[in-house]
Amino acid sequence: MQRKLSAATNADLNDLIKIVENEEAEEKVILLEDDLFSFLQQFNIKNGEQLVLKSVIYDLYRHWSEFPLKQKTFSVRMLRYLQDHRTKDKKYYKVNRDSFSLNEELLKYLERKKQKKTRYSSWKNHFDKYLQFYNLSVGNKWIPASVLKHLYDKWCYKNNKKSFLSEKQLSAFFKLYFPYKRNGQSRMEWFSVNEEFVKIFVTPGMLIKQTKKGNTKR
């Protein structure tokens with residue numbers, strides 16, 4: 001004999017069904033709320049015969065996406081689009097492009113992102129604060145870029161700055177404000193700054209050490 005559910009149990013069951021349905025609907029929304037399809041289109045990545053490490057494709061995605069998924073979530077959801085292949089100790093996607101071309105894409109994309117930093121007002125404000133801290137202005141004393149980068153790194157560390165301009169990015173900002181030249185065969189960049197800054201912040205030892213360091217990088 002089949003036992004009937006009580007009215008209270010029926011009500012509880014209906015509520016439970018609604019909760020489950022709502023959770024399923026939310027899950028579907030979450031599944032759609034990612035940028036994987038746009039990412040694959042942007043870099044023309046499709047199923048193919050080339051074995052590419054999953055970490056290579058994730059690195060490209062992580063730098064491209066404004067709100068990247070965590071790697072585990074990325075790996076699960078990417079299976080909707082790409083075939084995977086596993087060996088004993090490595091995980092791959094089978095795609096239409098090789099690792100070399102995808103790594104090239106990553107390098108190009110990172111370079112474009114670096115160049116764009118000079119256009120962002122927040123980075124300009126960041127650079128202006130650095131100039132203000134050292135009272136840096138245009139003058140007639142030529143200082144190598146490596147000294148300015150060394151003092152910039154010290155300023156960032158002192159102020160707990162999490163975002164750092166690279167040497168190339170810092171140089172790009174200095175070129176917007178200061179006269180510059182390249183010195184001899186080393187091609188090291190020098191900038192013309194005010195004498196007061198040099199007297200207060202640049203010691204002879206620092207100048208010698210950072211000039212040598214700058215020359216060895218070229």
# chains A, B, ... in the order shown; residues from 1 in each chain; ligands from 1

$ residues_around --residues "Lys141 in chain A" --least-positions-apart "2" --cutoff "7 Å" --atoms "only C-alpha atoms" --output "mmCIF file with C-alpha atoms, in the first residue's frame"
data_model
loop_
_atom_site.group_PDB
_atom_site.id
_atom_site.type_symbol
_atom_site.label_atom_id
_atom_site.label_comp_id
_atom_site.auth_asym_id
_atom_site.auth_seq_id
_atom_site.Cartn_x
_atom_site.Cartn_y
_atom_site.Cartn_z
ATOM 1 C CA GLY A 139 67.942 69.787 -15.236
ATOM 2 C CA ILE A 143 71.913 60.189 -14.899
ATOM 3 C CA SER A 192 68.810 64.980 -17.837
ATOM 4 C CA VAL A 193 67.638 65.720 -14.262
ATOM 5 C CA ASN A 194 67.937 68.481 -11.675
ATOM 6 C CA GLU A 195 71.135 68.939 -9.663
#

$ residues_around --residues "Trp64 in chain A" --least-positions-apart "3" --cutoff "9 Å" --atoms "only C-alpha atoms" --output "mmCIF file with C-alpha atoms, in the first residue's frame"
data_model
loop_
_atom_site.group_PDB
_atom_site.id
_atom_site.type_symbol
_atom_site.label_atom_id
_atom_site.label_comp_id
_atom_site.auth_asym_id
_atom_site.auth_seq_id
_atom_site.Cartn_x
_atom_site.Cartn_y
_atom_site.Cartn_z
ATOM 1 C CA PHE A 39 39.141 33.838 -26.005
ATOM 2 C CA ASP A 59 48.790 31.320 -19.415
ATOM 3 C CA LEU A 60 47.639 33.001 -22.606
ATOM 4 C CA TYR A 61 44.042 33.085 -21.344
ATOM 5 C CA PHE A 67 38.374 38.329 -15.073
ATOM 6 C CA PRO A 68 40.199 35.020 -15.575
ATOM 7 C CA LEU A 106 51.454 35.517 -25.430
ATOM 8 C CA TYR A 109 50.025 40.366 -26.109
ATOM 9 C CA LEU A 110 52.129 41.090 -23.016
#

$ select_by_dssp --residues "range 34-75 of chain A" --states "helix (DSSP H, G or I)" --output "ChimeraX atom specification"
/A:36-42,54-64,71-75

$ residues_around --residues "range 201-208 of chain A" --least-positions-apart "3" --cutoff "12 Å" --atoms "only C-alpha atoms" --output "PyMOL selection string"
chain A and resi 133-136+141-152+154-155+190+193-198+211-215

$ residues_around --residues "Met78 in chain A" --least-positions-apart "2" --cutoff "12 Å" --atoms "only C-alpha atoms" --output "short mmCIF file (atom, residue, chain, number, x, y, z; two decimals) with N, CA and C atoms, in the first residue's frame"
data_model
loop_
_atom_site.label_atom_id
_atom_site.label_comp_id
_atom_site.auth_asym_id
_atom_site.auth_seq_id
_atom_site.Cartn_x
_atom_site.Cartn_y
_atom_site.Cartn_z
N LEU A 31 27.70 28.81 -15.91
CA LEU A 31 28.41 28.15 -17.00
C LEU A 31 28.53 29.05 -18.23
N ASP A 34 31.28 33.02 -18.71
CA ASP A 34 32.73 33.02 -18.82
C ASP A 34 33.09 33.53 -20.21
N ASP A 35 34.36 33.73 -20.43
CA ASP A 35 34.80 34.35 -21.69
C ASP A 35 35.63 33.39 -22.54
N LEU A 36 35.45 32.09 -22.32
CA LEU A 36 36.27 31.11 -23.03
C LEU A 36 36.03 31.13 -24.53
N PHE A 37 34.76 31.22 -24.92
CA PHE A 37 34.46 31.21 -26.36
C PHE A 37 35.10 32.42 -27.05
N PHE A 39 37.69 34.06 -26.03
CA PHE A 39 39.14 33.84 -26.01
C PHE A 39 39.59 32.96 -27.17
N LEU A 40 38.87 31.85 -27.39
CA LEU A 40 39.23 30.94 -28.47
C LEU A 40 39.08 31.60 -29.84
N ILE A 45 41.83 29.51 -31.86
CA ILE A 45 42.19 28.20 -31.32
C ILE A 45 41.00 27.25 -31.50
N LYS A 46 41.25 26.15 -32.18
CA LYS A 46 40.20 25.16 -32.45
C LYS A 46 40.77 23.76 -32.22
N ASN A 47 39.89 22.76 -32.28
CA ASN A 47 40.36 21.38 -32.21
C ASN A 47 41.27 21.08 -33.39
N LYS A 54 48.37 22.18 -21.48
CA LYS A 54 47.25 22.97 -20.98
C LYS A 54 47.74 24.26 -20.31
N ILE A 57 48.15 27.21 -22.82
CA ILE A 57 46.90 27.87 -23.21
C ILE A 57 46.31 28.64 -22.04
N TYR A 58 46.44 28.10 -20.83
CA TYR A 58 45.91 28.82 -19.68
C TYR A 58 46.68 30.13 -19.43
N TYR A 61 45.38 32.67 -21.78
CA TYR A 61 44.04 33.08 -21.34
C TYR A 61 44.11 33.99 -20.12
N LEU A 69 39.24 32.88 -15.09
CA LEU A 69 38.82 31.78 -14.25
C LEU A 69 40.04 31.17 -13.57
N LYS A 70 39.82 30.51 -12.45
CA LYS A 70 40.90 29.76 -11.84
C LYS A 70 41.26 28.59 -12.74
N GLN A 71 42.49 28.13 -12.63
CA GLN A 71 42.99 27.13 -13.57
C GLN A 71 42.16 25.85 -13.56
N LYS A 72 41.73 25.41 -12.38
CA LYS A 72 40.94 24.18 -12.30
C LYS A 72 39.60 24.36 -13.01
N THR A 73 38.94 25.49 -12.77
CA THR A 73 37.66 25.77 -13.42
C THR A 73 37.84 25.91 -14.93
N PHE A 74 38.90 26.59 -15.31
CA PHE A 74 39.23 26.75 -16.73
C PHE A 74 39.37 25.39 -17.40
N SER A 75 40.11 24.47 -16.77
CA SER A 75 40.34 23.15 -17.36
C SER A 75 39.05 22.37 -17.55
N VAL A 76 38.16 22.45 -16.56
CA VAL A 76 36.89 21.73 -16.65
C VAL A 76 36.01 22.29 -17.77
N ARG A 80 34.46 21.66 -22.91
CA ARG A 80 33.28 21.87 -23.78
C ARG A 80 33.71 22.24 -25.20
N TYR A 81 34.95 22.75 -25.32
CA TYR A 81 35.40 23.27 -26.61
C TYR A 81 36.55 22.46 -27.23
N LEU A 82 37.46 21.97 -26.39
CA LEU A 82 38.67 21.34 -26.92
C LEU A 82 38.84 19.92 -26.39
N GLN A 83 39.39 19.07 -27.25
CA GLN A 83 39.75 17.72 -26.83
C GLN A 83 41.01 17.77 -25.98
N ASP A 84 41.06 16.90 -24.97
CA ASP A 84 42.29 16.84 -24.19
C ASP A 84 43.00 15.52 -24.42
N TYR A 92 47.52 17.81 -22.04
CA TYR A 92 47.55 18.59 -23.27
C TYR A 92 46.13 18.87 -23.77
N TYR A 93 46.03 19.88 -24.65
CA TYR A 93 44.86 20.04 -25.52
C TYR A 93 45.32 19.69 -26.94
N LYS A 94 44.39 19.12 -27.71
CA LYS A 94 44.66 18.84 -29.13
C LYS A 94 44.06 19.99 -29.93
N VAL A 95 44.92 20.85 -30.45
CA VAL A 95 44.45 22.08 -31.10
C VAL A 95 45.09 22.24 -32.48
#

$ atom_distance --atom1 "CA of Arg187 in chain A" --atom2 "CA of Asn140 in chain A"
19.9 Å

$ atom_distance --atom1 "CA of Phe43 in chain A" --atom2 "CA of Arg97 in chain A"
9.7 Å
